[in-house]
Amino acid sequence: MHDADISGELAFFDLDTKTWRSLSESCFKLLNDTQSIDDKALDEIKESKQHVQNILSSALKLPNVTFFSGSGASLGEVGGPSMSDLWKRSMWVDPDAQPDEEDYGVLHQEADYVLNQVNYQNIKNPNIEHFLSQCEAYLQFNDDSRVVDYVRDVKETIVDECTYFLDEESSDISPYQTLLQKLARRRVRDPRLNVFTTNYDICYETAASNLGMMIVDGFSYSRLRQFNGKYFDYDVVKRDDDNHEFVEGVFKLFKLHGSVSWKRVGETIVESKDVKPDDVALIY
């Protein structure tokens, strides 16, 4: 088996054979260092897909189902930004510059200043959240208006980039909808599906809204939705005169890093469509 870089390809690691197994033709070519696909290869890919499907099908029959999704869930046809995109949009002079172009990787003057001030050195593999965390630590002991202003600019970029892509005609939220349709519609006697995400965007909320599904997300069910952990213990019940039953399709959403729709109001976090950089509740 060829030791190839399969980043971004469809594959899974087989714990029995201790090898990667391809789930697409392009990945198979990389793993096997070949440019051709024969019937035997197609059968192998089909077998691998069936193996993954069997594992997932078995898992979904368990009473407790929890899954985690990161920034990769919003890439591709969904149209969301990657962590790398957020760094480029926030820090580079030309975020669209290609590796062979002069401006590739060139930082804004203010970005260069702030990186030096807060001593952020991981430029080869930068992480926008780690950068912001280091800025906040620096500001705990230093009164530096330039760093404060730049952090505000970065937050504004994050809010914009993680919000407005959903308004683009090219954005296709159907992968989220398909995921929720398959996972959240469970037997009503089973515990609710738990979804954990570090994404700032509102893809899960949008997909659920499109499907008419309800979310238990830690916010109150009042006109001004306020966050309180006690609301994760609430559920949605359909009540008749003689009995009641849990509503189908409800799931729990835990946004570990906050959201572009979360707004700080004093000591409270509320859900809002009008969130400014100074108020947005991002956790990094």
# chains A, B, ... in the order shown; residues from 1 in each chain; ligands from 1
>>> select_by_dssp(residues="range 95-167 of chain A", states="helix (DSSP H, G or I)", output="NGL selection string")
:A and (109-118 or 128-139 or 145-161 or 164-167)
>>> select_by_dssp(residues="range 44-256 of chain A", states="strand (DSSP E or B)", output="JSON list (two decimals) with N, CA, C and O atoms, in the first residue's frame")
[["chain", "number", "residue", "atom", "x", "y", "z"],
["A", 66, "THR", "N", -24.48, 10.04, 20.01],
["A", 66, "THR", "CA", -23.86, 11.37, 20.10],
["A", 66, "THR", "C", -22.84, 11.49, 18.99],
["A", 66, "THR", "O", -22.10, 10.55, 18.72],
["A", 67, "PHE", "N", -22.80, 12.63, 18.33],
["A", 67, "PHE", "CA", -21.73, 12.82, 17.36],
["A", 67, "PHE", "C", -21.20, 14.24, 17.43],
["A", 67, "PHE", "O", -21.86, 15.17, 17.90],
["A", 68, "PHE", "N", -19.98, 14.39, 16.96],
["A", 68, "PHE", "CA", -19.25, 15.67, 16.98],
["A", 68, "PHE", "C", -18.93, 16.09, 15.56],
["A", 68, "PHE", "O", -18.56, 15.25, 14.73],
["A", 69, "SER", "N", -19.05, 17.37, 15.28],
["A", 69, "SER", "CA", -18.65, 17.88, 13.96],
["A", 69, "SER", "C", -17.84, 19.15, 14.12],
["A", 69, "SER", "O", -18.15, 20.00, 14.97],
["A", 92, "TRP", "N", -4.21, 38.26, 6.18],
["A", 92, "TRP", "CA", -3.44, 38.46, 4.96],
["A", 92, "TRP", "C", -3.87, 39.72, 4.20],
["A", 92, "TRP", "O", -5.04, 40.12, 4.22],
["A", 107, "LEU", "N", 1.29, 39.45, 5.48],
["A", 107, "LEU", "CA", 0.40, 39.89, 6.53],
["A", 107, "LEU", "C", 0.10, 41.39, 6.43],
["A", 107, "LEU", "O", 0.92, 42.17, 5.94],
["A", 193, "LEU", "N", -30.97, 12.59, 20.30],
["A", 193, "LEU", "CA", -29.67, 12.69, 19.64],
["A", 193, "LEU", "C", -28.91, 13.89, 20.20],
["A", 193, "LEU", "O", -29.47, 14.98, 20.35],
["A", 194, "ASN", "N", -27.62, 13.71, 20.53],
["A", 194, "ASN", "CA", -26.77, 14.79, 21.01],
["A", 194, "ASN", "C", -25.80, 15.19, 19.91],
["A", 194, "ASN", "O", -25.05, 14.35, 19.40],
["A", 195, "VAL", "N", -25.81, 16.46, 19.55],
["A", 195, "VAL", "CA", -24.89, 16.98, 18.54],
["A", 195, "VAL", "C", -23.96, 17.99, 19.20],
["A", 195, "VAL", "O", -24.40, 18.99, 19.76],
["A", 196, "PHE", "N", -22.65, 17.71, 19.13],
["A", 196, "PHE", "CA", -21.64, 18.63, 19.64],
["A", 196, "PHE", "C", -20.89, 19.23, 18.45],
["A", 196, "PHE", "O", -20.48, 18.49, 17.55],
["A", 197, "THR", "N", -20.70, 20.53, 18.46],
["A", 197, "THR", "CA", -19.97, 21.17, 17.37],
["A", 197, "THR", "C", -19.13, 22.33, 17.89],
["A", 197, "THR", "O", -19.52, 23.01, 18.85],
["A", 215, "ILE", "N", -35.06, 22.19, 18.32],
["A", 215, "ILE", "CA", -33.74, 22.00, 18.92],
["A", 215, "ILE", "C", -33.80, 22.35, 20.40],
["A", 215, "ILE", "O", -34.38, 23.38, 20.79],
["A", 216, "VAL", "N", -33.18, 21.51, 21.20],
["A", 216, "VAL", "CA", -32.93, 21.84, 22.60],
["A", 216, "VAL", "C", -31.48, 22.31, 22.67],
["A", 216, "VAL", "O", -30.55, 21.50, 22.56],
["A", 219, "PHE", "N", -31.23, 27.37, 25.32],
["A", 219, "PHE", "CA", -31.88, 28.68, 25.36],
["A", 219, "PHE", "C", -33.35, 28.54, 25.76],
["A", 219, "PHE", "O", -34.00, 27.53, 25.47],
["A", 226, "GLN", "N", -32.82, 33.40, 26.16],
["A", 226, "GLN", "CA", -31.67, 33.54, 27.03],
["A", 226, "GLN", "C", -31.08, 32.17, 27.34],
["A", 226, "GLN", "O", -31.81, 31.20, 27.53],
["A", 227, "PHE", "N", -29.74, 32.13, 27.41],
["A", 227, "PHE", "CA", -29.06, 30.86, 27.67],
["A", 227, "PHE", "C", -29.03, 30.54, 29.15],
["A", 227, "PHE", "O", -28.71, 31.37, 30.00],
["A", 237, "VAL", "N", -43.02, 17.82, 24.43],
["A", 237, "VAL", "CA", -44.00, 16.76, 24.57],
["A", 237, "VAL", "C", -45.32, 17.18, 23.92],
["A", 237, "VAL", "O", -45.75, 18.33, 24.05],
["A", 238, "LYS", "N", -45.93, 16.25, 23.21],
["A", 238, "LYS", "CA", -47.27, 16.45, 22.66],
["A", 238, "LYS", "C", -48.27, 15.90, 23.66],
["A", 238, "LYS", "O", -48.26, 14.72, 23.99],
["A", 239, "ARG", "N", -49.15, 16.78, 24.14],
["A", 239, "ARG", "CA", -50.07, 16.38, 25.20],
["A", 239, "ARG", "C", -51.52, 16.37, 24.69],
["A", 239, "ARG", "O", -52.00, 17.37, 24.15],
["A", 244, "HIS", "N", -49.76, 11.67, 26.86],
["A", 244, "HIS", "CA", -48.77, 12.54, 26.22],
["A", 244, "HIS", "C", -47.64, 11.68, 25.68],
["A", 244, "HIS", "O", -47.41, 10.57, 26.15],
["A", 245, "GLU", "N", -46.96, 12.22, 24.68],
["A", 245, "GLU", "CA", -45.84, 11.50, 24.10],
["A", 245, "GLU", "C", -44.78, 12.50, 23.62],
["A", 245, "GLU", "O", -45.09, 13.65, 23.30],
["A", 246, "PHE", "N", -43.53, 12.05, 23.59],
["A", 246, "PHE", "CA", -42.44, 12.91, 23.15],
["A", 246, "PHE", "C", -42.57, 13.19, 21.65],
["A", 246, "PHE", "O", -42.90, 12.29, 20.87],
["A", 251, "PHE", "N", -33.73, 17.26, 18.75],
["A", 251, "PHE", "CA", -32.36, 16.88, 19.10],
["A", 251, "PHE", "C", -31.71, 17.96, 19.94],
["A", 251, "PHE", "O", -32.15, 19.11, 19.96],
["A", 252, "LYS", "N", -30.65, 17.59, 20.65],
["A", 252, "LYS", "CA", -29.92, 18.52, 21.50],
["A", 252, "LYS", "C", -28.67, 19.02, 20.76],
["A", 252, "LYS", "O", -27.94, 18.22, 20.17],
["A", 253, "LEU", "N", -28.44, 20.32, 20.82],
["A", 253, "LEU", "CA", -27.31, 20.94, 20.14],
["A", 253, "LEU", "C", -26.43, 21.65, 21.15],
["A", 253, "LEU", "O", -26.87, 22.57, 21.85],
["A", 254, "PHE", "N", -25.16, 21.23, 21.22],
["A", 254, "PHE", "CA", -24.19, 21.83, 22.13],
["A", 254, "PHE", "C", -23.12, 22.54, 21.30],
["A", 254, "PHE", "O", -22.32, 21.88, 20.62],
["A", 255, "LYS", "N", -23.10, 23.87, 21.35],
["A", 255, "LYS", "CA", -22.13, 24.65, 20.57],
["A", 255, "LYS", "C", -20.98, 25.03, 21.49],
["A", 255, "LYS", "O", -21.02, 26.03, 22.22]]
>>> residues_around(residues="Gly72 in chain A", least_positions_apart="4", cutoff="10 Å", atoms="only C-alpha atoms", output="VMD selection string")
chain A and resid 8 76 78 80 to 83 199
>>> residues_around(residues="Arg21 in chain A", least_positions_apart="4", cutoff="8 Å", atoms="only C-alpha atoms", output="ChimeraX atom specification")
/A:11-14,28,45,48
>>> write_last_selection(atoms="N, CA and C atoms", output="mmCIF file, in the first residue's frame")
data_model
loop_
_atom_site.group_PDB
_atom_site.id
_atom_site.type_symbol
_atom_site.label_atom_id
_atom_site.label_comp_id
_atom_site.auth_asym_id
_atom_site.auth_seq_id
_atom_site.Cartn_x
_atom_site.Cartn_y
_atom_site.Cartn_z
ATOM 1 N N ALA A 11 -11.953 8.247 3.063
ATOM 2 C CA ALA A 11 -11.316 6.988 3.458
ATOM 3 C C ALA A 11 -11.613 6.725 4.929
ATOM 4 N N PHE A 12 -11.389 5.508 5.374
ATOM 5 C CA PHE A 12 -11.493 5.213 6.794
ATOM 6 C C PHE A 12 -10.362 4.275 7.175
ATOM 7 N N PHE A 13 -9.990 4.343 8.454
ATOM 8 C CA PHE A 13 -8.889 3.522 8.943
ATOM 9 C C PHE A 13 -9.443 2.226 9.515
ATOM 10 N N ASP A 14 -9.065 1.126 8.910
ATOM 11 C CA ASP A 14 -9.530 -0.201 9.324
ATOM 12 C C ASP A 14 -8.676 -0.666 10.504
ATOM 13 N N PHE A 28 -8.556 5.839 -3.919
ATOM 14 C CA PHE A 28 -7.971 4.541 -4.254
ATOM 15 C C PHE A 28 -6.703 4.725 -5.096
ATOM 16 N N ILE A 45 -13.803 -0.828 -3.420
ATOM 17 C CA ILE A 45 -14.372 0.436 -2.943
ATOM 18 C C ILE A 45 -15.806 0.216 -2.465
ATOM 19 N N SER A 48 -15.813 -1.495 0.851
ATOM 20 C CA SER A 48 -15.437 -0.578 1.923
ATOM 21 C C SER A 48 -16.609 0.312 2.320
#
>>> closest_residue(among="A:Glu102, A:Asp240, A:Asp16, A:Asp85", to="Pro126 in chain A", atoms="only C-alpha atoms")
A:Asp85
>>> closest_residue(among="A:Ile128, A:Phe165, A:Asp33, A:Tyr120", to="Cys203 in chain A", atoms="only C-alpha atoms")
A:Phe165
>>> closest_residue(among="A:Glu169, A:Asp100, A:Asp233, A:Asp149", to="Val114 in chain A", atoms="only C-alpha atoms")
A:Asp149
>>> closest_residue(among="A:Tyr138, A:Tyr113, A:Tyr231, A:Trp87", to="Asn125 in chain A", atoms="only C-alpha atoms")
A:Trp87
>>> closest_residue(among="A:Leu10, A:Leu183, A:Leu115, A:Val270", to="Val151 in chain A", atoms="only C-alpha atoms")
A:Leu115
>>> closest_residue(among="A:Ala281, A:Val93, A:Val250, A:Leu42", to="Val265 in chain A", atoms="only C-alpha atoms")
A:Ala281
>>> residues_around(residues="Arg152 in chain A", least_positions_apart="2", cutoff="12 Å", atoms="only C-alpha atoms", output="VMD selection string")
chain A and resid 90 132 135 to 136 145 to 150 154 to 159 276 to 280 282
>>> write_last_selection(atoms="N, CA and C atoms", output="JSON list (two decimals), in the first residue's frame")
[["chain", "number", "residue", "atom", "x", "y", "z"],
["A", 90, "SER", "N", -8.58, 37.27, 7.90],
["A", 90, "SER", "CA", -8.30, 38.16, 9.02],
["A", 90, "SER", "C", -6.91, 38.76, 8.97],
["A", 132, "LEU", "N", -6.51, 34.34, 18.94],
["A", 132, "LEU", "CA", -7.41, 35.19, 19.72],
["A", 132, "LEU", "C", -7.25, 34.92, 21.21],
["A", 135, "CYS", "N", -4.22, 36.67, 22.34],
["A", 135, "CYS", "CA", -4.49, 38.11, 22.42],
["A", 135, "CYS", "C", -5.22, 38.46, 23.72],
["A", 136, "GLU", "N", -6.23, 37.65, 24.07],
["A", 136, "GLU", "CA", -6.98, 37.91, 25.29],
["A", 136, "GLU", "C", -6.08, 37.78, 26.52],
["A", 145, "SER", "N", -4.41, 49.49, 22.80],
["A", 145, "SER", "CA", -5.59, 49.77, 21.98],
["A", 145, "SER", "C", -5.48, 49.17, 20.59],
["A", 146, "ARG", "N", -4.27, 49.05, 20.07],
["A", 146, "ARG", "CA", -4.10, 48.48, 18.73],
["A", 146, "ARG", "C", -4.46, 47.00, 18.71],
["A", 147, "VAL", "N", -4.08, 46.31, 19.76],
["A", 147, "VAL", "CA", -4.45, 44.90, 19.86],
["A", 147, "VAL", "C", -5.96, 44.76, 20.06],
["A", 148, "VAL", "N", -6.53, 45.60, 20.91],
["A", 148, "VAL", "CA", -7.99, 45.58, 21.14],
["A", 148, "VAL", "C", -8.74, 45.80, 19.84],
["A", 149, "ASP", "N", -8.31, 46.80, 19.07],
["A", 149, "ASP", "CA", -8.98, 47.11, 17.81],
["A", 149, "ASP", "C", -8.84, 45.96, 16.81],
["A", 150, "TYR", "N", -7.68, 45.34, 16.78],
["A", 150, "TYR", "CA", -7.48, 44.27, 15.81],
["A", 150, "TYR", "C", -8.28, 43.03, 16.18],
["A", 154, "VAL", "N", -10.97, 41.13, 13.82],
["A", 154, "VAL", "CA", -10.94, 39.69, 13.55],
["A", 154, "VAL", "C", -12.30, 39.07, 13.88],
["A", 155, "LYS", "N", -12.87, 39.47, 15.01],
["A", 155, "LYS", "CA", -14.19, 38.95, 15.38],
["A", 155, "LYS", "C", -15.24, 39.34, 14.35],
["A", 156, "GLU", "N", -15.15, 40.56, 13.84],
["A", 156, "GLU", "CA", -16.10, 41.00, 12.82],
["A", 156, "GLU", "C", -15.96, 40.16, 11.56],
["A", 157, "THR", "N", -14.72, 39.84, 11.18],
["A", 157, "THR", "CA", -14.48, 38.97, 10.02],
["A", 157, "THR", "C", -15.08, 37.59, 10.25],
["A", 158, "ILE", "N", -14.88, 37.03, 11.43],
["A", 158, "ILE", "CA", -15.42, 35.71, 11.75],
["A", 158, "ILE", "C", -16.95, 35.72, 11.67],
["A", 159, "VAL", "N", -17.56, 36.74, 12.25],
["A", 159, "VAL", "CA", -19.02, 36.82, 12.24],
["A", 159, "VAL", "C", -19.54, 36.90, 10.80],
["A", 276, "LYS", "N", -22.88, 42.26, 17.16],
["A", 276, "LYS", "CA", -21.71, 43.08, 16.84],
["A", 276, "LYS", "C", -20.44, 42.41, 17.37],
["A", 277, "PRO", "N", -19.29, 42.77, 16.79],
["A", 277, "PRO", "CA", -18.02, 42.14, 17.25],
["A", 277, "PRO", "C", -17.76, 42.27, 18.74],
["A", 278, "ASP", "N", -18.15, 43.41, 19.33],
["A", 278, "ASP", "CA", -17.89, 43.62, 20.75],
["A", 278, "ASP", "C", -18.80, 42.78, 21.63],
["A", 279, "ASP", "N", -19.92, 42.30, 21.06],
["A", 279, "ASP", "CA", -20.90, 41.58, 21.86],
["A", 279, "ASP", "C", -20.94, 40.08, 21.58],
["A", 280, "VAL", "N", -20.36, 39.64, 20.46],
["A", 280, "VAL", "CA", -20.50, 38.24, 20.08],
["A", 280, "VAL", "C", -19.85, 37.31, 21.10],
["A", 282, "LEU", "N", -18.09, 34.32, 21.45],
["A", 282, "LEU", "CA", -17.25, 33.27, 20.87],
["A", 282, "LEU", "C", -16.34, 32.74, 21.96]]
>>> residues_around(residues="Thr178 in chain A", least_positions_apart="5", cutoff="10 Å", atoms="only C-alpha atoms", output="mmCIF file with C-alpha atoms, in the first residue's frame")
data_model
loop_
_atom_site.group_PDB
_atom_site.id
_atom_site.type_symbol
_atom_site.label_atom_id
_atom_site.label_comp_id
_atom_site.auth_asym_id
_atom_site.auth_seq_id
_atom_site.Cartn_x
_atom_site.Cartn_y
_atom_site.Cartn_z
ATOM 1 C CA ILE A 173 -27.444 23.100 3.254
ATOM 2 C CA LEU A 183 -30.095 10.636 12.894
ATOM 3 C CA ALA A 207 -31.218 22.915 8.546
ATOM 4 C CA LEU A 211 -37.113 20.634 8.183
#
